[in-house]
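**Q** Following this line is protein.txt, made up of compact mmCIF, C-alpha atoms and all ligand atoms:
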# COMPACT_ATOMS: atom_id res chain seq x y z
CA MET A 242 0.00 0.00 0.00
CA ARG A 243 1.32 3.43 -0.96
CA VAL A 244 -0.24 6.54 0.59
CA LEU A 245 0.28 10.00 -0.87
CA VAL A 246 -0.06 12.78 1.71
CA THR A 247 -0.31 16.25 0.18
CA GLY A 248 0.68 19.05 2.54
CA GLY A 249 2.52 16.43 4.57
CA ALA A 250 5.00 19.00 5.88
CA GLY A 251 2.28 21.20 7.41
CA PHE A 252 0.75 21.07 10.87
CA ILE A 253 -1.90 18.38 10.41
CA GLY A 254 -0.43 16.55 7.41
CA SER A 255 2.88 16.00 9.22
CA HIS A 256 1.08 14.61 12.26
CA PHE A 257 -0.71 12.18 9.94
CA VAL A 258 2.61 11.19 8.31
CA ARG A 259 4.45 10.70 11.61
CA THR A 260 1.60 8.53 12.87
CA LEU A 261 1.44 6.51 9.63
CA ILE A 262 5.17 5.78 9.80
CA ALA A 263 4.79 4.81 13.47
CA ASP A 264 2.04 2.36 12.39
CA GLY A 265 -0.49 4.26 14.50
CA TYR A 266 -3.38 3.50 12.09
CA PRO A 267 -4.08 -0.25 12.07
CA ALA A 268 -5.56 -0.26 8.54
CA PHE A 269 -2.36 1.19 7.10
CA THR A 270 0.30 -0.75 8.98
CA GLY A 271 3.50 -1.00 6.96
CA ALA A 272 2.30 1.45 4.27
CA ASP A 273 4.82 3.38 2.20
CA VAL A 274 4.26 7.11 2.41
CA VAL A 275 4.94 9.80 -0.18
CA VAL A 276 4.72 13.44 0.90
CA LEU A 277 3.96 16.03 -1.78
CA ASP A 278 4.47 19.55 -0.48
CA ALA A 279 5.31 22.93 -2.02
CA PHE A 280 7.03 24.00 1.23
CA THR A 281 5.26 27.35 1.43
CA TYR A 282 5.90 29.38 4.60
CA ALA A 283 3.65 26.83 6.40
CA GLY A 284 5.43 23.69 5.18
CA ARG A 285 8.39 22.81 7.42
CA ILE A 286 10.72 19.92 6.69
CA GLU A 287 11.59 19.92 10.42
CA ASN A 288 8.05 18.64 11.04
CA LEU A 289 9.21 15.35 9.54
CA ASP A 290 12.57 15.16 11.35
CA THR A 291 11.59 12.19 13.48
CA VAL A 292 10.64 10.07 10.44
CA ARG A 293 13.00 11.40 7.76
CA ASP A 294 15.24 8.31 7.97
CA SER A 295 12.42 5.83 7.50
CA PRO A 296 12.89 3.78 4.33
CA ARG A 297 9.08 3.91 4.03
CA LEU A 298 8.99 7.72 3.57
CA ARG A 299 9.70 9.67 0.39
CA VAL A 300 9.41 13.46 0.36
CA GLU A 301 8.68 15.18 -2.95
CA ARG A 302 8.78 18.93 -3.37
CA GLY A 303 6.05 20.03 -5.75
CA ASP A 304 3.03 22.23 -6.21
CA ILE A 305 -0.42 20.64 -6.44
CA ARG A 306 -1.26 23.23 -9.11
CA ASP A 307 1.36 21.70 -11.44
CA PRO A 308 -0.32 18.89 -13.44
CA HIS A 309 2.95 17.38 -14.73
CA ARG A 310 4.56 17.22 -11.30
CA VAL A 311 1.37 15.88 -9.75
CA ALA A 312 1.03 13.16 -12.42
CA GLU A 313 4.61 11.99 -11.70
CA VAL A 314 4.02 11.75 -7.98
CA VAL A 315 0.55 10.17 -8.14
CA SER A 316 1.74 7.27 -10.28
CA GLY A 317 1.60 4.00 -8.30
CA VAL A 318 -0.32 5.50 -5.38
CA ASP A 319 -3.24 3.56 -3.77
CA LEU A 320 -4.62 6.26 -1.48
CA ILE A 321 -4.40 10.07 -1.46
CA ALA A 322 -4.87 11.96 1.79
CA HIS A 323 -5.22 15.54 0.59
CA PHE A 324 -4.24 18.05 3.28
CA ALA A 325 -2.40 20.67 1.15
CA ALA A 326 -4.08 24.06 1.26
CA GLU A 327 -3.68 27.71 2.07
CA THR A 328 -5.21 27.72 5.53
CA HIS A 329 -5.00 31.03 7.37
CA VAL A 330 -8.28 33.00 7.30
CA ASP A 331 -6.60 36.36 8.02
CA ARG A 332 -4.28 35.90 5.03
CA SER A 333 -7.28 35.09 2.83
CA ILE A 334 -8.79 38.46 3.78
CA THR A 335 -5.72 40.44 2.74
CA GLY A 336 -5.03 38.32 -0.38
CA ALA A 337 -7.33 35.59 -1.65
CA ALA A 338 -5.64 34.62 -4.93
CA ASP A 339 -3.42 31.80 -3.61
CA PHE A 340 -6.41 30.41 -1.73
CA VAL A 341 -8.34 30.01 -4.95
CA THR A 342 -5.47 28.64 -7.02
CA THR A 343 -4.18 26.18 -4.39
CA ASN A 344 -7.41 25.13 -2.70
CA VAL A 345 -9.68 25.03 -5.76
CA VAL A 346 -7.45 24.60 -8.82
CA GLY A 347 -4.86 22.49 -6.98
CA THR A 348 -7.56 20.13 -5.72
CA GLN A 349 -8.97 19.75 -9.24
CA VAL A 350 -5.49 18.98 -10.60
CA LEU A 351 -5.07 16.28 -7.94
CA LEU A 352 -8.53 14.81 -8.54
CA GLN A 353 -7.86 14.58 -12.28
CA ALA A 354 -4.44 13.01 -11.70
CA ALA A 355 -6.01 10.50 -9.28
CA LEU A 356 -8.61 9.60 -11.89
CA ASP A 357 -6.04 9.29 -14.69
CA ALA A 358 -3.72 7.15 -12.56
CA GLY A 359 -6.47 4.88 -11.20
CA VAL A 360 -5.85 5.80 -7.56
CA GLY A 361 -8.01 3.60 -5.30
CA ARG A 362 -9.30 6.26 -2.90
CA PHE A 363 -9.10 10.04 -2.49
CA VAL A 364 -9.68 11.52 0.97
CA HIS A 365 -10.32 15.23 0.76
CA VAL A 366 -9.57 16.92 4.09
CA SER A 367 -11.89 19.87 4.58
CA THR A 368 -13.15 22.08 7.36
CA ASP A 369 -16.33 22.87 9.28
CA GLU A 370 -15.87 26.49 8.16
CA VAL A 371 -17.52 25.61 4.83
CA TYR A 372 -20.91 25.56 6.63
CA GLY A 373 -20.70 29.23 7.65
CA SER A 374 -21.75 30.26 11.16
CA ILE A 375 -24.43 28.78 13.43
CA ASP A 376 -25.99 30.45 16.48
CA SER A 377 -27.28 27.27 18.15
CA GLY A 378 -27.28 23.55 17.45
CA SER A 379 -24.76 21.75 15.22
CA TRP A 380 -24.40 21.20 11.47
CA PRO A 381 -25.06 17.77 10.01
CA GLU A 382 -23.19 16.87 6.80
CA THR A 383 -26.33 17.67 4.79
CA HIS A 384 -26.32 21.33 5.82
CA PRO A 385 -25.89 23.73 2.86
CA LEU A 386 -22.45 25.21 2.35
CA GLU A 387 -22.54 28.91 3.30
CA PRO A 388 -18.88 29.90 3.60
CA ASN A 389 -18.12 33.47 4.67
CA SER A 390 -14.35 33.96 4.25
CA PRO A 391 -12.30 33.60 1.07
CA TYR A 392 -10.54 30.67 2.83
CA SER A 393 -13.75 28.79 3.57
CA ALA A 394 -15.23 29.67 0.17
CA ALA A 395 -12.19 28.18 -1.56
CA LYS A 396 -12.42 25.07 0.65
CA ALA A 397 -16.12 24.76 -0.18
CA GLY A 398 -15.24 24.97 -3.88
CA SER A 399 -12.78 22.12 -3.44
CA ASP A 400 -15.38 20.04 -1.56
CA LEU A 401 -17.79 20.43 -4.46
CA LEU A 402 -15.14 19.48 -7.00
CA ALA A 403 -14.34 16.37 -4.95
CA ARG A 404 -18.04 15.49 -4.95
CA SER A 405 -18.27 16.09 -8.71
CA TYR A 406 -15.38 13.72 -9.47
CA HIS A 407 -17.22 11.05 -7.52
CA ARG A 408 -20.61 11.71 -9.13
CA THR A 409 -19.36 12.26 -12.67
CA HIS A 410 -16.40 9.91 -12.92
CA GLY A 411 -17.01 7.44 -10.12
CA LEU A 412 -13.74 8.35 -8.39
CA ASP A 413 -13.74 6.86 -4.88
CA VAL A 414 -13.83 10.10 -2.87
CA VAL A 415 -14.46 10.65 0.85
CA VAL A 416 -14.65 14.16 2.31
CA THR A 417 -13.94 15.01 5.96
CA ARG A 418 -14.88 18.30 7.63
CA CYS A 419 -13.19 18.95 10.94
CA SER A 420 -13.43 21.60 13.63
CA ASN A 421 -10.50 23.74 14.89
CA ASN A 422 -7.30 21.81 15.62
CA TYR A 423 -4.59 22.47 18.18
CA GLY A 424 -1.38 20.63 19.01
CA PRO A 425 2.38 20.74 18.44
CA HIS A 426 3.91 21.94 15.13
CA GLN A 427 1.11 24.43 14.36
CA PHE A 428 2.40 27.54 12.62
CA PRO A 429 2.54 30.45 15.11
CA GLU A 430 0.09 32.63 13.18
CA LYS A 431 -2.89 30.54 14.37
CA VAL A 432 -4.49 31.58 17.64
CA VAL A 433 -3.26 28.83 20.02
CA PRO A 434 0.44 28.90 19.03
CA LEU A 435 0.33 32.69 18.47
CA PHE A 436 -0.91 33.28 22.00
CA VAL A 437 1.39 30.68 23.57
CA THR A 438 4.54 31.94 21.82
CA ASN A 439 3.65 35.59 22.54
CA LEU A 440 3.19 34.79 26.23
CA LEU A 441 6.42 32.76 26.36
CA ASP A 442 8.13 35.88 24.93
CA GLY A 443 6.45 38.18 27.47
CA LYS A 444 4.29 39.82 24.78
CA LYS A 445 0.56 40.61 24.94
CA VAL A 446 -2.00 38.52 23.07
CA PRO A 447 -4.42 40.19 20.61
CA LEU A 448 -8.03 39.20 21.34
CA TYR A 449 -10.44 39.94 18.48
CA GLY A 450 -13.58 42.02 19.19
CA ASP A 451 -15.60 41.00 22.26
CA GLY A 452 -13.91 37.57 22.42
CA GLY A 453 -17.32 35.90 22.09
CA ASN A 454 -16.61 33.88 18.93
CA VAL A 455 -17.04 30.18 19.68
CA ARG A 456 -15.03 27.27 18.23
CA ASP A 457 -14.88 23.52 18.87
CA TRP A 458 -11.24 22.69 19.73
CA LEU A 459 -10.00 19.24 18.82
CA HIS A 460 -6.51 17.77 19.27
CA VAL A 461 -4.74 17.17 15.97
CA ASP A 462 -4.28 13.52 16.90
CA ASP A 463 -8.06 13.01 17.09
CA HIS A 464 -8.57 14.76 13.74
CA CYS A 465 -5.96 12.58 12.04
CA ARG A 466 -7.45 9.41 13.51
CA GLY A 467 -10.80 10.47 12.09
CA VAL A 468 -9.22 10.99 8.67
CA ALA A 469 -7.58 7.55 8.86
CA LEU A 470 -10.92 5.94 9.79
CA ALA A 471 -12.64 7.70 6.89
CA ALA A 472 -9.84 6.53 4.58
CA ALA A 473 -10.09 2.94 5.77
CA LYS A 474 -13.83 2.46 6.23
CA GLY A 475 -15.71 5.54 5.00
CA ARG A 476 -18.39 5.01 2.39
CA SER A 477 -17.48 6.22 -1.08
CA GLY A 478 -18.93 9.62 -1.96
CA GLU A 479 -19.82 10.44 1.65
CA VAL A 480 -18.93 13.41 3.84
CA TYR A 481 -17.92 12.87 7.50
CA ASN A 482 -17.81 15.68 10.05
CA ILE A 483 -15.05 15.31 12.65
CA GLY A 484 -15.41 17.08 15.99
CA GLY A 485 -16.17 16.42 19.62
CA GLY A 486 -13.51 18.53 21.22
CA ILE A 487 -14.48 21.32 23.56
CA GLU A 488 -16.59 24.35 22.62
CA LEU A 489 -14.99 27.55 23.90
CA SER A 490 -15.34 31.24 23.20
CA ASN A 491 -12.09 32.98 22.30
CA ARG A 492 -12.33 34.70 25.67
CA GLU A 493 -12.52 31.32 27.47
CA LEU A 494 -9.71 29.91 25.32
CA THR A 495 -7.55 32.92 26.19
CA THR A 496 -8.18 32.43 29.93
CA ARG A 497 -7.08 28.80 29.64
CA LEU A 498 -3.99 29.72 27.66
CA LEU A 499 -3.01 32.42 30.16
CA ALA A 500 -3.34 29.87 32.98
CA ALA A 501 -1.40 27.20 31.09
CA VAL A 502 1.53 29.56 30.50
CA GLY A 503 1.25 31.22 33.92
CA ALA A 504 0.40 34.74 32.70
CA GLY A 505 -2.16 37.29 33.96
CA GLU A 506 -5.16 39.03 32.39
CA ASP A 507 -3.01 42.13 31.90
CA MET A 508 -1.38 40.33 28.97
CA VAL A 509 -4.60 40.55 26.91
CA GLU A 510 -4.91 43.36 24.36
CA ARG A 511 -8.31 43.91 22.72
CA VAL A 512 -8.04 44.48 18.96
CA PRO A 513 -10.72 45.31 16.35
CA ASP A 514 -12.64 42.25 15.19
CA ARG A 515 -11.66 40.29 12.08
CA LYS A 516 -13.74 41.26 9.04
CA GLY A 517 -16.63 38.83 8.51
CA HIS A 518 -15.68 36.92 11.70
CA ASP A 519 -17.94 33.86 12.00
CA ARG A 520 -19.65 33.84 15.40
CA ARG A 521 -19.90 30.14 16.14
CA TYR A 522 -18.95 26.80 14.57
CA SER A 523 -20.35 23.49 15.74
CA VAL A 524 -20.36 20.19 13.85
CA ASP A 525 -22.60 17.23 14.50
CA TRP A 526 -20.09 14.33 14.38
CA SER A 527 -22.57 11.52 15.15
CA LYS A 528 -22.24 10.05 11.62
CA ILE A 529 -18.53 9.23 11.92
CA ARG A 530 -19.12 7.98 15.48
CA ASP A 531 -22.01 5.69 14.52
CA GLU A 532 -20.63 4.45 11.18
CA LEU A 533 -16.89 4.31 11.79
CA GLY A 534 -16.57 4.11 15.58
CA TYR A 535 -14.75 7.45 15.91
CA VAL A 536 -14.59 9.06 19.33
CA PRO A 537 -12.12 11.76 20.36
CA ARG A 538 -9.60 10.55 22.93
CA ARG A 539 -7.61 13.58 23.98
CA GLY A 540 -8.93 15.65 26.90
CA PHE A 541 -8.52 19.39 26.32
CA GLY A 542 -6.75 20.15 29.63
CA GLU A 543 -4.14 17.46 29.12
CA GLY A 544 -3.77 18.19 25.38
CA LEU A 545 -3.36 21.91 25.92
CA ALA A 546 -0.80 21.43 28.71
CA GLU A 547 1.19 19.08 26.50
CA THR A 548 0.98 21.57 23.60
CA VAL A 549 2.25 24.43 25.77
CA THR A 550 5.11 22.21 26.96
CA TRP A 551 5.99 21.42 23.36
CA TYR A 552 6.24 25.14 22.47
CA ARG A 553 8.26 25.79 25.65
CA GLU A 554 10.72 23.06 24.67
CA HIS A 555 10.88 23.85 20.94
CA ARG A 556 11.76 27.52 20.80
CA ASP A 557 14.27 26.62 18.05
CA TRP A 558 11.26 25.47 15.91
CA TRP A 559 9.05 28.54 16.29
CA GLU A 560 11.35 31.45 17.04
CA PRO A 561 12.56 31.85 13.41
CA LEU A 562 8.91 31.81 12.28
CA THR A 563 7.75 34.69 14.48
CA VAL A 564 10.07 37.44 13.16
N1 LIG A 601 -5.88 23.81 11.15
C1 LIG A 601 -7.16 23.51 11.39
O1 LIG A 601 -7.67 23.80 12.47
C2 LIG A 601 -7.97 22.76 10.36
C3 LIG A 601 -9.26 22.33 10.69
C4 LIG A 601 -10.00 21.61 9.75
C5 LIG A 601 -9.47 21.34 8.51
N2 LIG A 601 -8.21 21.79 8.19
C6 LIG A 601 -7.67 21.44 6.87
O2 LIG A 601 -6.58 20.56 7.08
C7 LIG A 601 -5.60 20.75 6.06
C8 LIG A 601 -4.24 21.01 6.69
O3 LIG A 601 -4.31 22.17 7.52
P1 LIG A 601 -3.04 22.65 8.36
O4 LIG A 601 -3.55 23.43 9.50
O5 LIG A 601 -2.12 21.52 8.59
O6 LIG A 601 -2.37 23.67 7.31
P2 LIG A 601 -0.89 24.23 7.21
O7 LIG A 601 -1.05 25.61 6.66
O8 LIG A 601 -0.14 24.04 8.48
O9 LIG A 601 -0.19 23.30 6.12
C9 LIG A 601 -0.54 23.35 4.76
C10 LIG A 601 0.51 22.56 3.99
O10 LIG A 601 0.15 22.59 2.60
C11 LIG A 601 1.31 22.92 1.84
N3 LIG A 601 0.87 23.62 0.62
C12 LIG A 601 0.27 24.83 0.53
N4 LIG A 601 0.05 25.15 -0.77
C13 LIG A 601 0.52 24.10 -1.51
C14 LIG A 601 0.56 23.83 -2.91
N5 LIG A 601 0.10 24.71 -3.80
N6 LIG A 601 1.09 22.65 -3.31
C15 LIG A 601 1.57 21.76 -2.41
N7 LIG A 601 1.56 21.97 -1.09
C16 LIG A 601 1.04 23.14 -0.63
C17 LIG A 601 2.13 23.83 2.74
O11 LIG A 601 3.49 23.88 2.35
C18 LIG A 601 1.93 23.15 4.09
O12 LIG A 601 2.85 22.11 4.29
C19 LIG A 601 -6.10 21.92 5.20
O13 LIG A 601 -6.71 21.39 4.05
C20 LIG A 601 -7.12 22.62 6.09
O14 LIG A 601 -8.12 23.25 5.31
C21 LIG A 601 -7.46 22.49 9.09
Any chance you could give the structure as structure tokens?
**A**
Amino acid sequence: MRVLVTGGAGFIGSHFVRTLIADGYPAFTGADVVVLDAFTYAGRIENLDTVRDSPRLRVERGDIRDPHRVAEVVSGVDLIAHFAAETHVDRSITGAADFVTTNVVGTQVLLQAALDAGVGRFVHVSTDEVYGSIDSGSWPETHPLEPNSPYSAAKAGSDLLARSYHRTHGLDVVVTRCSNNYGPHQFPEKVVPLFVTNLLDGKKVPLYGDGGNVRDWLHVDDHCRGVALAAAKGRSGEVYNIGGGIELSNRELTTRLLAAVGAGEDMVERVPDRKGHDRRYSVDWSKIRDELGYVPRRGFGEGLAETVTWYREHRDWWEPLTV
């Protein structure tokens, strides 16, 4: 079995790769792994340091928007786990072009290459942000896509292309939509590592608006296990929400981060809200639980403490990225 992981040098993709190589997903024990990554600012080869010497891992530099490069790398692959994307909402507000070309066009290039090469299964890793914002209750997979940021709109476009390759061409596609992830190796522009690294440096943390925006926080290890379950046992053409972490407002998250680092409320600086800031996300993840036996395993308190410890102990990883 050969698994291609796009974006395998990023935060979540690299966690998936490290776990695959460690045989952490029973269905994929012994699999060979190919990483395809363009190594944008978010792709870090250091994220693969612990597995670089494995004879089962091959790392290929390449852009998913490049059909020739993609066709070379996809040849001989049984399964694609597609994580590569432009992912930071704030960047999509100041410049959306790369979000459209990578997330939409790049995904289409990969889908076509998978079809041409006869790849057995294509897992498209998406986000709960494609559903928009919800004041109460939780989105089932059947909820209409109502994305509000250029990032989520581009992800929604890629979800629909993935669906179309299944419906039109019969490509074996499974889509996952996960809530907000946290954990080690996350680029320090995202809220958890941004706040932790600021506090470790004695700097204030910028809290958007009234701090009332609510997100479901899930450890990256739980997300990746959900993706692996969808890859192994998901029904072709289906969408699976992945969630079940802890729902927190940004204000509550900030309080927990301050406590975990040992800093006071005086380290919080209120800043104007993000444009178009979605108020609340909440996925109904009962489908993946009932069909595939997924349940999150990592408690938030323990996971957050371990994440803070990782950033404390890996200043050499994040310090060059914060200048
Ligand atoms: N971070 C979250 O909370 C979250 C939640 C749900 C879903 N997701 C999805 O999970 C996936 C991974 O997210 P992440 O947080 O690890 O992102 P990330 O920004 O840390 O990593 C993205 C990776 O994709 C690579 N990449 C970007 N453009 C590329 C291109 N054109 N060609 C090849 N490689 C390219 C980057 O180099 C990087 O390694 C994304 O598809 C994202 O939408 C993320």
**Q** What is the CA of Ala472 in chain A-CA of Ile321 in chain A distance in Å, reported with one decimal?
**A**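 We find that CA of Ala472 in chain A and CA of Ile321 in chain A lie 8.9 Å from each other.
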**Q** How would you report the residues lying within 7 Å of ligand LIG 601 (chain A), as number ranges by chain, if you count all atoms listed in the file?
**A** A: 247-254, 277-285, 303-306, 323-329, 343, 347, 366-369, 396, 418-423, 427-428
**Q** Write out as a tab-separated table the residues of range 412-489 of chain A that have any atom within 6 Å of an atom of range 526-546 of chain A, one row each with the nearest atom pair and its distance in Å to one decimal, counting only C-alpha atoms, sorted by chain and then rising number.
**A**
residue	atom	partner	partner_atom	distance
A:Asp463	CA	A:Pro537	CA	5.4
A:Tyr481	CA	A:Ile529	CA	5.8
A:Asn482	CA	A:Trp526	CA	5.1
A:Ile483	CA	A:Trp526	CA	5.4
A:Gly484	CA	A:Trp526	CA	5.7
**Q** Please produce a file of those selected residues containing C-alpha atoms, as a PDB file, keeping the file's coordinate frame.
**A**
ATOM      1  CA  ASP A 463      -8.060  13.010  17.090  1.00  0.00           C
ATOM      2  CA  TYR A 481     -17.920  12.870   7.500  1.00  0.00           C
ATOM      3  CA  ASN A 482     -17.810  15.680  10.050  1.00  0.00           C
ATOM      4  CA  ILE A 483     -15.050  15.310  12.650  1.00  0.00           C
ATOM      5  CA  GLY A 484     -15.410  17.080  15.990  1.00  0.00           C
TER       6      GLY A 484
END
**Q** Within 10 Å of range 503-520 of chain A, which residues of range 282-370 of chain A show up? Give each one with its shortest atom-to-atom distance in Å (one decimal) and the two atoms involved, counting only C-alpha atoms, rows by chain then rising residue number, as JSON lines.
**A**
{"residue": "A:Val330", "atom": "CA", "partner": "A:Arg515", "partner_atom": "CA", "distance": 9.3}
{"residue": "A:Asp331", "atom": "CA", "partner": "A:Arg515", "partner_atom": "CA", "distance": 7.6}
{"residue": "A:Ile334", "atom": "CA", "partner": "A:Lys516", "partner_atom": "CA", "distance": 7.7}
{"residue": "A:Glu370", "atom": "CA", "partner": "A:Asp519", "partner_atom": "CA", "distance": 8.6}
**Q** Please measure the separation of CA of Leu261 in chain A and CA of Val292 in chain A, giving the value in Å to one decimal.
**A**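 Rounded to one decimal, the two atoms are 9.9 Å apart.
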**Q** Hey, can you check how far CA of Tyr552 in chain A sits from CA of Glu301 in chain A?
**A**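 Separating CA of Tyr552 in chain A from CA of Glu301 in chain A is a distance of 27.4 Å.
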**Q** Counting only C-alpha atoms, which residue out of A:Asn439, A:Ala471, A:Ala394, A:Arg259 sits closest to Phe340 in chain A?
**A** A:Ala394
**Q** Taking into account all atoms listed in the file, which residue in the set A:Thr496, A:Ala358, A:Gly271, A:Val345 is nearest to Leu402 in chain A?
**A**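 The closest residue to Leu402 in chain A is A:Val345.
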**Q** Which is closest to Arg521 in chain A among A:Thr291, A:Thr495, A:Ser377, A:Asn344, if we use all atoms listed in the file?
**A**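 Ranking A:Thr291, A:Thr495, A:Ser377, A:Asn344 by distance to Arg521 in chain A, first place goes to A:Ser377.
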**Q** Which residues come within 8 Å of Leu498 in chain A, counting all atoms listed in the file, excluding same-chain residues fewer than 2 positions away, as a short mmCIF file (atom, residue, chain, number, x, y, z; two decimals) with C-alpha atoms, keeping the file's coordinate frame?
**A**
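Everything below was put into part.cif:
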data_model
loop_
_atom_site.label_atom_id
_atom_site.label_comp_id
_atom_site.auth_asym_id
_atom_site.auth_seq_id
_atom_site.Cartn_x
_atom_site.Cartn_y
_atom_site.Cartn_z
CA VAL A 433 -3.26 28.83 20.02
CA PHE A 436 -0.91 33.28 22.00
CA VAL A 437 1.39 30.68 23.57
CA LEU A 494 -9.71 29.91 25.32
CA THR A 495 -7.55 32.92 26.19
CA THR A 496 -8.18 32.43 29.93
CA ALA A 500 -3.34 29.87 32.98
CA ALA A 501 -1.40 27.20 31.09
CA VAL A 502 1.53 29.56 30.50
#
**Q** Name the residues in contact with Trp558 in chain A at a cut-off of 12 Å, using all atoms listed in the file, excluding same-chain residues fewer than 4 positions from it; report them as a list in words.
**A**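 Final neighbour list, sorted by chain and number: Arg285, Ile286, Glu287, Asn288, Asp290, Pro425, His426, Gln427, Phe428, Pro429, Pro434, Thr438, Trp551, Tyr552, Arg553, Glu554, Leu562 and Thr563 of chain A.
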**Q** Rank nothing, just name the residue among A:Gly373, A:Gly478, A:Pro267, A:Gly453 nearest to Ser393 in chain A, using all atoms listed in the file.
**A**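 Looking at the shortest contact to Ser393 in chain A, the residue is A:Gly373.
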**Q** Put the listed atoms of range 400-409 of chain A in a box along x, y and z with 3 Å added on every side and give me the centre and edge lengths in Å to one decimal, as AutoDock Vina command-line options.
**A**
--center_x -17.5 --center_y 15.7 --center_z -7.1 --size_x 12.3 --size_y 15.4 --size_z 17.1
